[in-house]
>>> print(open('final17.tsv').read())   # TSV, C-alpha atoms
chain	number	residue	atom	x	y	z
A	1	MET	CA	109.87	-89.77	-87.69
A	2	ARG	CA	110.87	-91.07	-91.11
A	3	PHE	CA	109.26	-88.16	-92.99
A	4	ARG	CA	111.49	-85.71	-91.11
A	5	LEU	CA	114.57	-87.74	-91.95
A	6	VAL	CA	113.61	-87.48	-95.62
A	7	GLY	CA	113.81	-83.70	-95.27
A	8	PHE	CA	117.44	-83.75	-94.19
A	9	TYR	CA	118.44	-85.75	-97.28
A	10	VAL	CA	116.44	-83.41	-99.50
A	11	VAL	CA	118.25	-80.38	-98.14
A	12	ALA	CA	121.60	-81.95	-98.99
A	13	LEU	CA	120.51	-82.38	-102.60
A	14	TRP	CA	119.12	-78.88	-102.85
A	15	SER	CA	122.39	-77.39	-101.69
A	16	ALA	CA	123.89	-78.71	-104.91
A	17	LEU	CA	120.84	-78.22	-107.16
A	18	LEU	CA	120.15	-74.64	-106.13
A	19	SER	CA	123.63	-73.27	-105.53
A	20	TRP	CA	123.39	-71.22	-108.71
A	21	LEU	CA	120.55	-69.10	-107.29
A	22	ALA	CA	122.09	-65.69	-106.74
A	23	ASP	CA	119.14	-63.36	-106.10
A	24	ALA	CA	119.44	-62.82	-102.38
A	25	GLN	CA	116.24	-62.99	-100.35
A	26	GLN	CA	114.18	-64.30	-103.26
A	27	PRO	CA	112.22	-67.30	-101.89
A	28	ILE	CA	112.75	-70.72	-103.37
A	29	LYS	CA	109.12	-71.72	-103.81
A	30	LEU	CA	108.24	-75.40	-103.53
A	31	GLY	CA	104.76	-76.65	-104.37
A	32	MET	CA	103.35	-79.57	-102.38
A	33	SER	CA	100.05	-81.17	-103.37
A	34	ALA	CA	99.06	-83.76	-100.78
A	35	PRO	CA	96.08	-85.08	-98.82
A	36	PHE	CA	95.39	-82.74	-95.91
A	37	SER	CA	91.81	-83.96	-95.56
A	38	GLY	CA	90.05	-87.30	-95.95
A	39	PRO	CA	91.11	-90.84	-94.99
A	40	ALA	CA	94.71	-90.34	-96.21
A	41	ALA	CA	95.20	-86.97	-94.50
A	42	GLN	CA	97.83	-88.15	-92.01
A	43	LEU	CA	100.20	-88.96	-94.84
A	44	GLY	CA	100.18	-85.37	-96.07
A	45	LEU	CA	100.05	-83.75	-92.64
A	46	GLN	CA	102.99	-85.72	-91.24
A	47	PHE	CA	105.13	-85.22	-94.33
A	48	SER	CA	104.36	-81.49	-94.32
A	49	ASP	CA	105.13	-81.18	-90.60
A	50	GLY	CA	108.49	-82.86	-91.09
A	51	ALA	CA	109.32	-80.65	-94.06
A	52	HIS	CA	108.43	-77.45	-92.20
A	53	LEU	CA	110.61	-78.54	-89.28
A	54	VAL	CA	113.64	-78.84	-91.55
A	55	PHE	CA	112.92	-75.80	-93.71
A	56	ASP	CA	112.32	-73.51	-90.72
A	57	ARG	CA	115.66	-74.55	-89.28
A	58	LEU	CA	117.43	-74.02	-92.60
A	59	ASN	CA	115.81	-70.62	-93.12
A	60	ALA	CA	116.89	-69.54	-89.62
A	61	GLN	CA	120.44	-70.30	-90.74
A	62	GLY	CA	120.12	-68.12	-93.85
A	63	GLY	CA	118.42	-70.46	-96.29
A	64	ILE	CA	120.32	-71.57	-99.38
A	65	ASN	CA	122.70	-68.88	-100.65
A	66	GLY	CA	120.57	-66.35	-98.78
A	67	ASN	CA	117.36	-67.59	-100.35
A	68	PRO	CA	114.67	-68.80	-97.92
A	69	ILE	CA	112.65	-71.89	-98.76
A	70	GLN	CA	108.91	-71.29	-99.04
A	71	LEU	CA	106.68	-74.37	-98.99
A	72	VAL	CA	103.30	-73.77	-100.63
A	73	THR	CA	100.73	-76.50	-99.96
A	74	LEU	CA	97.43	-77.43	-101.57
A	75	ASP	CA	95.04	-80.17	-100.50
A	76	ASP	CA	94.23	-82.85	-103.07
A	77	GLY	CA	92.47	-85.32	-100.76
A	78	TYR	CA	94.49	-88.13	-102.40
A	79	GLU	CA	92.40	-87.74	-105.57
A	80	PRO	CA	94.37	-87.59	-108.86
A	81	LEU	CA	92.14	-85.05	-110.64
A	82	ARG	CA	92.62	-82.58	-107.79
A	83	THR	CA	96.36	-83.25	-107.89
A	84	VAL	CA	96.45	-82.32	-111.57
A	85	GLU	CA	94.54	-79.10	-110.86
A	86	ASN	CA	96.89	-78.18	-108.02
A	87	THR	CA	99.95	-78.93	-110.12
A	88	ARG	CA	98.73	-76.67	-112.92
A	89	LYS	CA	98.37	-73.87	-110.37
A	90	PHE	CA	101.89	-74.42	-109.10
A	91	LEU	CA	103.44	-74.50	-112.56
A	92	LEU	CA	101.38	-71.91	-114.43
A	93	GLU	CA	100.24	-69.45	-111.76
A	94	GLN	CA	102.64	-69.65	-108.83
A	95	GLN	CA	105.78	-70.42	-110.85
A	96	VAL	CA	107.28	-72.70	-108.21
A	97	PHE	CA	110.91	-73.70	-108.56
A	98	ALA	CA	110.15	-77.36	-107.83
A	99	LEU	CA	107.39	-79.75	-106.81
A	100	PHE	CA	108.00	-81.47	-103.49
A	101	GLY	CA	106.56	-84.13	-101.21
A	102	TYR	CA	103.62	-85.30	-103.32
A	103	ILE	CA	101.82	-88.26	-101.74
A	104	GLY	CA	100.90	-91.37	-103.66
A	105	THR	CA	101.24	-93.38	-106.84
A	106	PRO	CA	97.87	-92.54	-108.47
A	107	THR	CA	98.49	-88.82	-107.93
A	108	SER	CA	102.04	-88.97	-109.28
A	109	SER	CA	100.89	-91.00	-112.27
A	110	ALA	CA	98.22	-88.41	-113.10
A	111	ILE	CA	100.68	-85.50	-113.24
A	112	LEU	CA	103.49	-87.28	-115.08
A	113	PRO	CA	102.59	-85.72	-118.47
A	114	LEU	CA	102.79	-82.25	-116.86
A	115	LEU	CA	106.12	-83.09	-115.28
A	116	ARG	CA	107.57	-84.24	-118.57
A	117	LYS	CA	106.29	-81.18	-120.39
A	118	HIS	CA	107.61	-78.61	-117.92
A	119	GLN	CA	110.70	-80.53	-116.72
A	120	ARG	CA	110.35	-78.98	-113.28
A	121	PRO	CA	112.22	-80.82	-110.48
A	122	TYR	CA	110.02	-83.38	-108.70
A	123	LEU	CA	111.50	-84.03	-105.28
A	124	ALA	CA	110.91	-86.67	-102.60
A	125	ALA	CA	107.51	-87.97	-103.68
A	126	PHE	CA	106.07	-90.43	-101.17
A	127	THR	CA	105.79	-93.36	-103.59
A	128	GLY	CA	107.96	-96.25	-104.72
A	129	ALA	CA	106.38	-96.58	-108.15
A	130	ASP	CA	108.35	-97.68	-111.20
A	131	ILE	CA	106.84	-94.83	-113.22
A	132	LEU	CA	109.03	-92.40	-111.27
A	133	ARG	CA	112.17	-94.42	-111.88
A	134	GLN	CA	112.57	-94.12	-115.64
A	135	PRO	CA	116.11	-93.33	-116.89
A	136	ASP	CA	114.99	-90.47	-119.17
A	137	ASP	CA	113.21	-88.58	-116.38
A	138	LYS	CA	116.25	-86.71	-115.09
A	139	PHE	CA	114.08	-84.17	-113.24
A	140	ILE	CA	112.72	-86.74	-110.76
A	141	PHE	CA	114.61	-87.30	-107.50
A	142	ASN	CA	113.49	-90.22	-105.32
A	143	PHE	CA	114.27	-90.57	-101.60
A	144	ARG	CA	112.38	-93.69	-100.61
A	145	ALA	CA	112.74	-97.37	-101.47
A	146	SER	CA	111.00	-98.70	-104.55
A	147	TYR	CA	108.00	-100.99	-104.27
A	148	ARG	CA	110.14	-103.74	-105.79
A	149	GLU	CA	112.69	-103.41	-102.97
A	150	GLU	CA	109.98	-103.33	-100.31
A	151	ALA	CA	108.19	-106.39	-101.69
A	152	ALA	CA	111.46	-108.33	-101.81
A	153	ALA	CA	112.27	-107.42	-98.20
A	154	GLN	CA	108.85	-108.55	-96.98
A	155	ALA	CA	109.11	-111.84	-98.86
A	156	ARG	CA	112.56	-112.56	-97.45
A	157	TYR	CA	111.33	-112.04	-93.90
A	158	TYR	CA	107.86	-113.57	-93.87
A	159	ILE	CA	108.33	-116.38	-96.39
A	160	ASP	CA	112.01	-117.27	-96.19
A	161	GLN	CA	112.71	-116.54	-92.53
A	162	ARG	CA	109.35	-117.11	-90.81
A	163	GLN	CA	108.29	-119.83	-93.26
A	164	PHE	CA	104.77	-118.51	-93.90
A	165	ARG	CA	103.27	-120.13	-96.99
A	166	ARG	CA	99.66	-118.98	-97.01
A	167	VAL	CA	99.95	-115.37	-98.22
A	168	ALA	CA	96.96	-113.14	-99.02
A	169	LEU	CA	97.05	-109.70	-100.65
A	170	LEU	CA	94.85	-106.80	-99.52
A	171	ILE	CA	95.20	-104.27	-102.31
A	172	GLN	CA	93.96	-100.73	-102.96
A	173	ALA	CA	92.24	-100.89	-106.35
A	174	ASP	CA	94.18	-98.29	-108.34
A	175	GLU	CA	97.66	-97.58	-109.75
A	176	PHE	CA	99.15	-97.77	-106.27
A	177	GLY	CA	97.79	-101.23	-105.61
A	178	ALA	CA	98.65	-102.51	-109.09
A	179	SER	CA	102.23	-101.25	-108.82
A	180	VAL	CA	102.92	-103.11	-105.59
A	181	GLU	CA	100.83	-106.19	-106.42
A	182	ARG	CA	103.06	-106.80	-109.44
A	183	TRP	CA	106.12	-107.18	-107.24
A	184	TYR	CA	104.36	-109.24	-104.57
A	185	LEU	CA	103.29	-111.72	-107.25
A	186	ALA	CA	106.82	-111.80	-108.66
A	187	GLU	CA	108.31	-112.59	-105.25
A	188	LEU	CA	105.74	-115.33	-104.63
A	189	ALA	CA	106.35	-116.84	-108.07
A	190	ARG	CA	110.09	-116.99	-107.40
A	191	ARG	CA	109.23	-119.24	-104.45
A	192	GLN	CA	106.70	-121.37	-106.40
A	193	LEU	CA	103.82	-119.83	-104.43
A	194	GLN	CA	100.54	-118.16	-105.32
A	195	PRO	CA	98.43	-115.93	-103.06
A	196	VAL	CA	95.57	-117.72	-101.33
A	197	ALA	CA	93.47	-114.60	-102.02
A	198	ILE	CA	93.77	-111.22	-103.71
A	199	VAL	CA	91.24	-108.85	-102.17
A	200	ARG	CA	90.80	-105.30	-103.48
A	201	PHE	CA	89.16	-102.23	-101.97
A	202	GLN	CA	88.34	-98.77	-103.27
A	203	ARG	CA	90.66	-95.82	-102.67
A	204	ASN	CA	89.51	-93.43	-99.91
A	205	THR	CA	86.97	-95.87	-98.49
A	206	THR	CA	86.79	-97.22	-94.95
A	207	ASP	CA	84.12	-99.82	-95.76
A	208	MET	CA	86.24	-102.95	-95.35
A	209	GLN	CA	83.61	-105.49	-94.24
A	210	ASN	CA	83.50	-107.40	-97.52
A	211	ALA	CA	87.28	-107.38	-97.84
A	212	VAL	CA	87.74	-108.82	-94.37
A	213	SER	CA	85.14	-111.52	-95.02
A	214	GLN	CA	87.04	-112.61	-98.14
A	215	LEU	CA	90.35	-112.65	-96.29
A	216	LYS	CA	88.96	-114.66	-93.39
A	217	GLU	CA	87.57	-117.28	-95.76
A	218	ALA	CA	91.03	-117.73	-97.32
A	219	THR	CA	92.70	-118.40	-93.91
A	220	PRO	CA	96.08	-116.79	-94.65
A	221	ASP	CA	99.07	-116.84	-92.31
A	222	VAL	CA	100.11	-113.35	-93.41
A	223	VAL	CA	98.37	-110.55	-95.31
A	224	PHE	CA	100.52	-108.27	-97.46
A	225	THR	CA	98.72	-104.92	-97.57
A	226	VAL	CA	98.74	-101.97	-99.96
A	227	GLY	CA	96.79	-98.90	-98.86
A	228	THR	CA	96.63	-95.88	-96.60
A	229	TYR	CA	96.29	-95.87	-92.83
A	230	GLN	CA	92.57	-95.70	-92.13
A	231	PRO	CA	91.30	-98.49	-94.43
A	232	LEU	CA	94.00	-100.88	-93.24
A	233	VAL	CA	93.40	-100.05	-89.58
A	234	LYS	CA	89.69	-100.63	-90.15
A	235	ALA	CA	90.38	-104.02	-91.76
A	236	ILE	CA	92.58	-105.13	-88.85
A	237	GLU	CA	89.98	-104.02	-86.29
A	238	LEU	CA	87.16	-105.78	-88.12
A	239	GLY	CA	89.25	-108.93	-88.31
A	240	GLN	CA	89.89	-108.87	-84.57
A	241	GLN	CA	86.18	-108.48	-83.91
A	242	ASN	CA	85.61	-111.63	-85.96
A	243	GLN	CA	88.42	-113.70	-84.39
A	244	PHE	CA	90.55	-113.32	-87.53
A	245	ASN	CA	94.10	-112.41	-86.54
A	246	PRO	CA	96.73	-113.14	-89.18
A	247	VAL	CA	100.04	-111.30	-89.37
A	248	TYR	CA	99.75	-108.07	-91.39
A	249	SER	CA	102.60	-106.54	-93.37
>>> encode(input="final17.tsv", output="structure tokens")
Amino acid sequence: MRFRLVGFYVVALWSALLSWLADAQQPIKLGMSAPFSGPAAQLGLQFSDGAHLVFDRLNAQGGINGNPIQLVTLDDGYEPLRTVENTRKFLLEQQVFALFGYIGTPTSSAILPLLRKHQRPYLAAFTGADILRQPDDKFIFNFRASYREEAAAQARYYIDQRQFRRVALLIQADEFGASVERWYLAELARRQLQPVAIVRFQRNTTDMQNAVSQLKEATPDVVFTVGTYQPLVKAIELGQQNQFNPVYS
């Protein structure tokens, strides 16, 4: 599972970052705010499961310089205001060494002022947003591809290789969707194309009937999607029920 693989790369970085910790048996506390409930819950649950798998193994081997890793988790339901509240608790009350494994662009965007104020390490966030790739933010460590890289890869495959020309966008209507939409539009423009439809839906909703109706009317060959699991699954299922079966990416 890709989330577990992320953990192995994170541990390699921490071995260098935390080697100066000398207080034996003092836990290295990591704070993780993620969705553990609601439509996006599987993102947080799977990432957390993968992290625990790696950390438990590392702790059984003595931790880092004798210091065990302690992962402290709080549920934010994929809602930015709750993420800010959780982050304040981690930084001001629990005094975590680093923030780890946050899920999402809107949540990361909401806490960026706190990150810049406290300069606490921000490790392996599950987002490819440009806002976490600024040269002055030396405390942010990314372990996934950027949205720009992902959009380019999709365009090379579906447009250049498979020769699809009718491209629609199904976009979550928030910072996440806007961040990826920007790069989809750039890749289409490079190929003298425009989307046949840009359809947006609300974060944390599973009501996709109107979105699917708009997509079907546009008759795309491929739909580039930006969202979490449940809304996109719902859209695909509704499309199938209405004999609408484009390729989804």
>>> residues_around(input="final17.tsv", residues="A:Leu238", least_positions_apart="3", cutoff="8 Å", atoms="all atoms listed in the file", output="VMD selection string")
chain A and resid 208 to 209 212 234 to 235 241 to 242
>>> atom_distance(input="final17.tsv", atom1="atom CA of A:Arg165", atom2="atom CA of A:Leu193")
7.5 Å
>>> atom_distance(input="final17.tsv", atom1="atom CA of A:Gly177", atom2="atom CA of A:Leu232")
12.9 Å
>>> residues_around(input="final17.tsv", residues="stretch 120-132 of chain A", least_positions_apart="6", cutoff="6 Å", atoms="only C-alpha atoms", output="PyMOL selection string")
chain A and resi 98-105+139-143+145-147
>>> write_last_selection(input="final17.tsv", atoms="C-alpha atoms", output="PDB file, in the coordinates of the input")
ATOM      1  CA  ALA A  98     110.150 -77.360-107.830  1.00  0.00           C
ATOM      2  CA  LEU A  99     107.390 -79.750-106.810  1.00  0.00           C
ATOM      3  CA  PHE A 100     108.000 -81.470-103.490  1.00  0.00           C
ATOM      4  CA  GLY A 101     106.560 -84.130-101.210  1.00  0.00           C
ATOM      5  CA  TYR A 102     103.620 -85.300-103.320  1.00  0.00           C
ATOM      6  CA  ILE A 103     101.820 -88.260-101.740  1.00  0.00           C
ATOM      7  CA  GLY A 104     100.900 -91.370-103.660  1.00  0.00           C
ATOM      8  CA  THR A 105     101.240 -93.380-106.840  1.00  0.00           C
ATOM      9  CA  PHE A 139     114.080 -84.170-113.240  1.00  0.00           C
ATOM     10  CA  ILE A 140     112.720 -86.740-110.760  1.00  0.00           C
ATOM     11  CA  PHE A 141     114.610 -87.300-107.500  1.00  0.00           C
ATOM     12  CA  ASN A 142     113.490 -90.220-105.320  1.00  0.00           C
ATOM     13  CA  PHE A 143     114.270 -90.570-101.600  1.00  0.00           C
ATOM     14  CA  ALA A 145     112.740 -97.370-101.470  1.00  0.00           C
ATOM     15  CA  SER A 146     111.000 -98.700-104.550  1.00  0.00           C
ATOM     16  CA  TYR A 147     108.000-100.990-104.270  1.00  0.00           C
TER      17      TYR A 147
END
>>> atom_distance(input="final17.tsv", atom1="atom CA of A:Tyr157", atom2="atom CA of A:Val222")
11.3 Å
>>> decode(input="final17.tsv", residues="stretch 117-135 of chain A", atoms="N, CA, C and O atoms", output="PDB file, in the first residue's frame")
ATOM      1  N   LYS A 117       4.703  30.346  11.755  1.00  0.00           N
ATOM      2  CA  LYS A 117       4.988  31.000  13.034  1.00  0.00           C
ATOM      3  C   LYS A 117       5.844  30.122  13.930  1.00  0.00           C
ATOM      4  O   LYS A 117       6.815  30.583  14.537  1.00  0.00           O
ATOM      5  N   HIS A 118       5.508  28.845  14.026  1.00  0.00           N
ATOM      6  CA  HIS A 118       6.177  27.952  14.966  1.00  0.00           C
ATOM      7  C   HIS A 118       7.362  27.207  14.350  1.00  0.00           C
ATOM      8  O   HIS A 118       8.182  26.654  15.102  1.00  0.00           O
ATOM      9  N   GLN A 119       7.443  27.172  13.017  1.00  0.00           N
ATOM     10  CA  GLN A 119       8.565  26.524  12.333  1.00  0.00           C
ATOM     11  C   GLN A 119       8.767  25.080  12.779  1.00  0.00           C
ATOM     12  O   GLN A 119       9.896  24.582  12.844  1.00  0.00           O
ATOM     13  N   ARG A 120       7.689  24.411  13.097  1.00  0.00           N
ATOM     14  CA  ARG A 120       7.767  23.002  13.488  1.00  0.00           C
ATOM     15  C   ARG A 120       7.805  22.131  12.223  1.00  0.00           C
ATOM     16  O   ARG A 120       7.107  22.429  11.253  1.00  0.00           O
ATOM     17  N   PRO A 121       8.610  21.071  12.190  1.00  0.00           N
ATOM     18  CA  PRO A 121       8.648  20.230  10.987  1.00  0.00           C
ATOM     19  C   PRO A 121       7.263  19.729  10.602  1.00  0.00           C
ATOM     20  O   PRO A 121       6.478  19.303  11.449  1.00  0.00           O
ATOM     21  N   TYR A 122       6.986  19.779   9.305  1.00  0.00           N
ATOM     22  CA  TYR A 122       5.712  19.326   8.731  1.00  0.00           C
ATOM     23  C   TYR A 122       6.062  18.234   7.731  1.00  0.00           C
ATOM     24  O   TYR A 122       6.583  18.500   6.652  1.00  0.00           O
ATOM     25  N   LEU A 123       5.773  16.985   8.102  1.00  0.00           N
ATOM     26  CA  LEU A 123       6.301  15.839   7.389  1.00  0.00           C
ATOM     27  C   LEU A 123       5.210  15.065   6.651  1.00  0.00           C
ATOM     28  O   LEU A 123       4.169  14.738   7.218  1.00  0.00           O
ATOM     29  N   ALA A 124       5.485  14.738   5.387  1.00  0.00           N
ATOM     30  CA  ALA A 124       4.709  13.768   4.615  1.00  0.00           C
ATOM     31  C   ALA A 124       3.217  14.076   4.570  1.00  0.00           C
ATOM     32  O   ALA A 124       2.392  13.185   4.726  1.00  0.00           O
ATOM     33  N   ALA A 125       2.863  15.327   4.343  1.00  0.00           N
ATOM     34  CA  ALA A 125       1.444  15.653   4.166  1.00  0.00           C
ATOM     35  C   ALA A 125       0.935  15.015   2.884  1.00  0.00           C
ATOM     36  O   ALA A 125       1.645  14.949   1.877  1.00  0.00           O
ATOM     37  N   PHE A 126      -0.319  14.533   2.917  1.00  0.00           N
ATOM     38  CA  PHE A 126      -0.903  13.879   1.751  1.00  0.00           C
ATOM     39  C   PHE A 126      -1.552  14.933   0.872  1.00  0.00           C
ATOM     40  O   PHE A 126      -2.775  15.087   0.828  1.00  0.00           O
ATOM     41  N   THR A 127      -0.729  15.691   0.165  1.00  0.00           N
ATOM     42  CA  THR A 127      -1.164  16.741  -0.741  1.00  0.00           C
ATOM     43  C   THR A 127      -0.009  17.064  -1.673  1.00  0.00           C
ATOM     44  O   THR A 127       1.156  16.941  -1.292  1.00  0.00           O
ATOM     45  N   GLY A 128      -0.350  17.484  -2.895  1.00  0.00           N
ATOM     46  CA  GLY A 128       0.671  17.896  -3.852  1.00  0.00           C
ATOM     47  C   GLY A 128       0.628  19.375  -4.135  1.00  0.00           C
ATOM     48  O   GLY A 128       1.105  19.826  -5.172  1.00  0.00           O
ATOM     49  N   ALA A 129       0.090  20.153  -3.199  1.00  0.00           N
ATOM     50  CA  ALA A 129      -0.176  21.570  -3.441  1.00  0.00           C
ATOM     51  C   ALA A 129       1.104  22.394  -3.538  1.00  0.00           C
ATOM     52  O   ALA A 129       2.081  22.151  -2.829  1.00  0.00           O
ATOM     53  N   ASP A 130       1.051  23.419  -4.387  1.00  0.00           N
ATOM     54  CA  ASP A 130       2.180  24.335  -4.534  1.00  0.00           C
ATOM     55  C   ASP A 130       2.473  25.096  -3.248  1.00  0.00           C
ATOM     56  O   ASP A 130       3.622  25.473  -3.006  1.00  0.00           O
ATOM     57  N   ILE A 131       1.436  25.329  -2.431  1.00  0.00           N
ATOM     58  CA  ILE A 131       1.648  26.123  -1.218  1.00  0.00           C
ATOM     59  C   ILE A 131       2.620  25.450  -0.257  1.00  0.00           C
ATOM     60  O   ILE A 131       3.221  26.122   0.593  1.00  0.00           O
ATOM     61  N   LEU A 132       2.810  24.144  -0.384  1.00  0.00           N
ATOM     62  CA  LEU A 132       3.750  23.437   0.473  1.00  0.00           C
ATOM     63  C   LEU A 132       5.090  23.206  -0.218  1.00  0.00           C
ATOM     64  O   LEU A 132       5.908  22.413   0.250  1.00  0.00           O
ATOM     65  N   ARG A 133       5.323  23.920  -1.293  1.00  0.00           N
ATOM     66  CA  ARG A 133       6.557  23.762  -2.049  1.00  0.00           C
ATOM     67  C   ARG A 133       7.210  25.114  -2.309  1.00  0.00           C
ATOM     68  O   ARG A 133       7.716  25.383  -3.397  1.00  0.00           O
ATOM     69  N   GLN A 134       7.188  25.970  -1.288  1.00  0.00           N
ATOM     70  CA  GLN A 134       7.792  27.288  -1.384  1.00  0.00           C
ATOM     71  C   GLN A 134       9.226  27.236  -0.851  1.00  0.00           C
ATOM     72  O   GLN A 134       9.488  26.634   0.197  1.00  0.00           O
ATOM     73  N   PRO A 135      10.182  27.866  -1.544  1.00  0.00           N
ATOM     74  CA  PRO A 135      11.595  27.719  -1.172  1.00  0.00           C
ATOM     75  C   PRO A 135      11.938  28.208   0.229  1.00  0.00           C
ATOM     76  O   PRO A 135      12.900  27.717   0.838  1.00  0.00           O
TER      77      PRO A 135
END
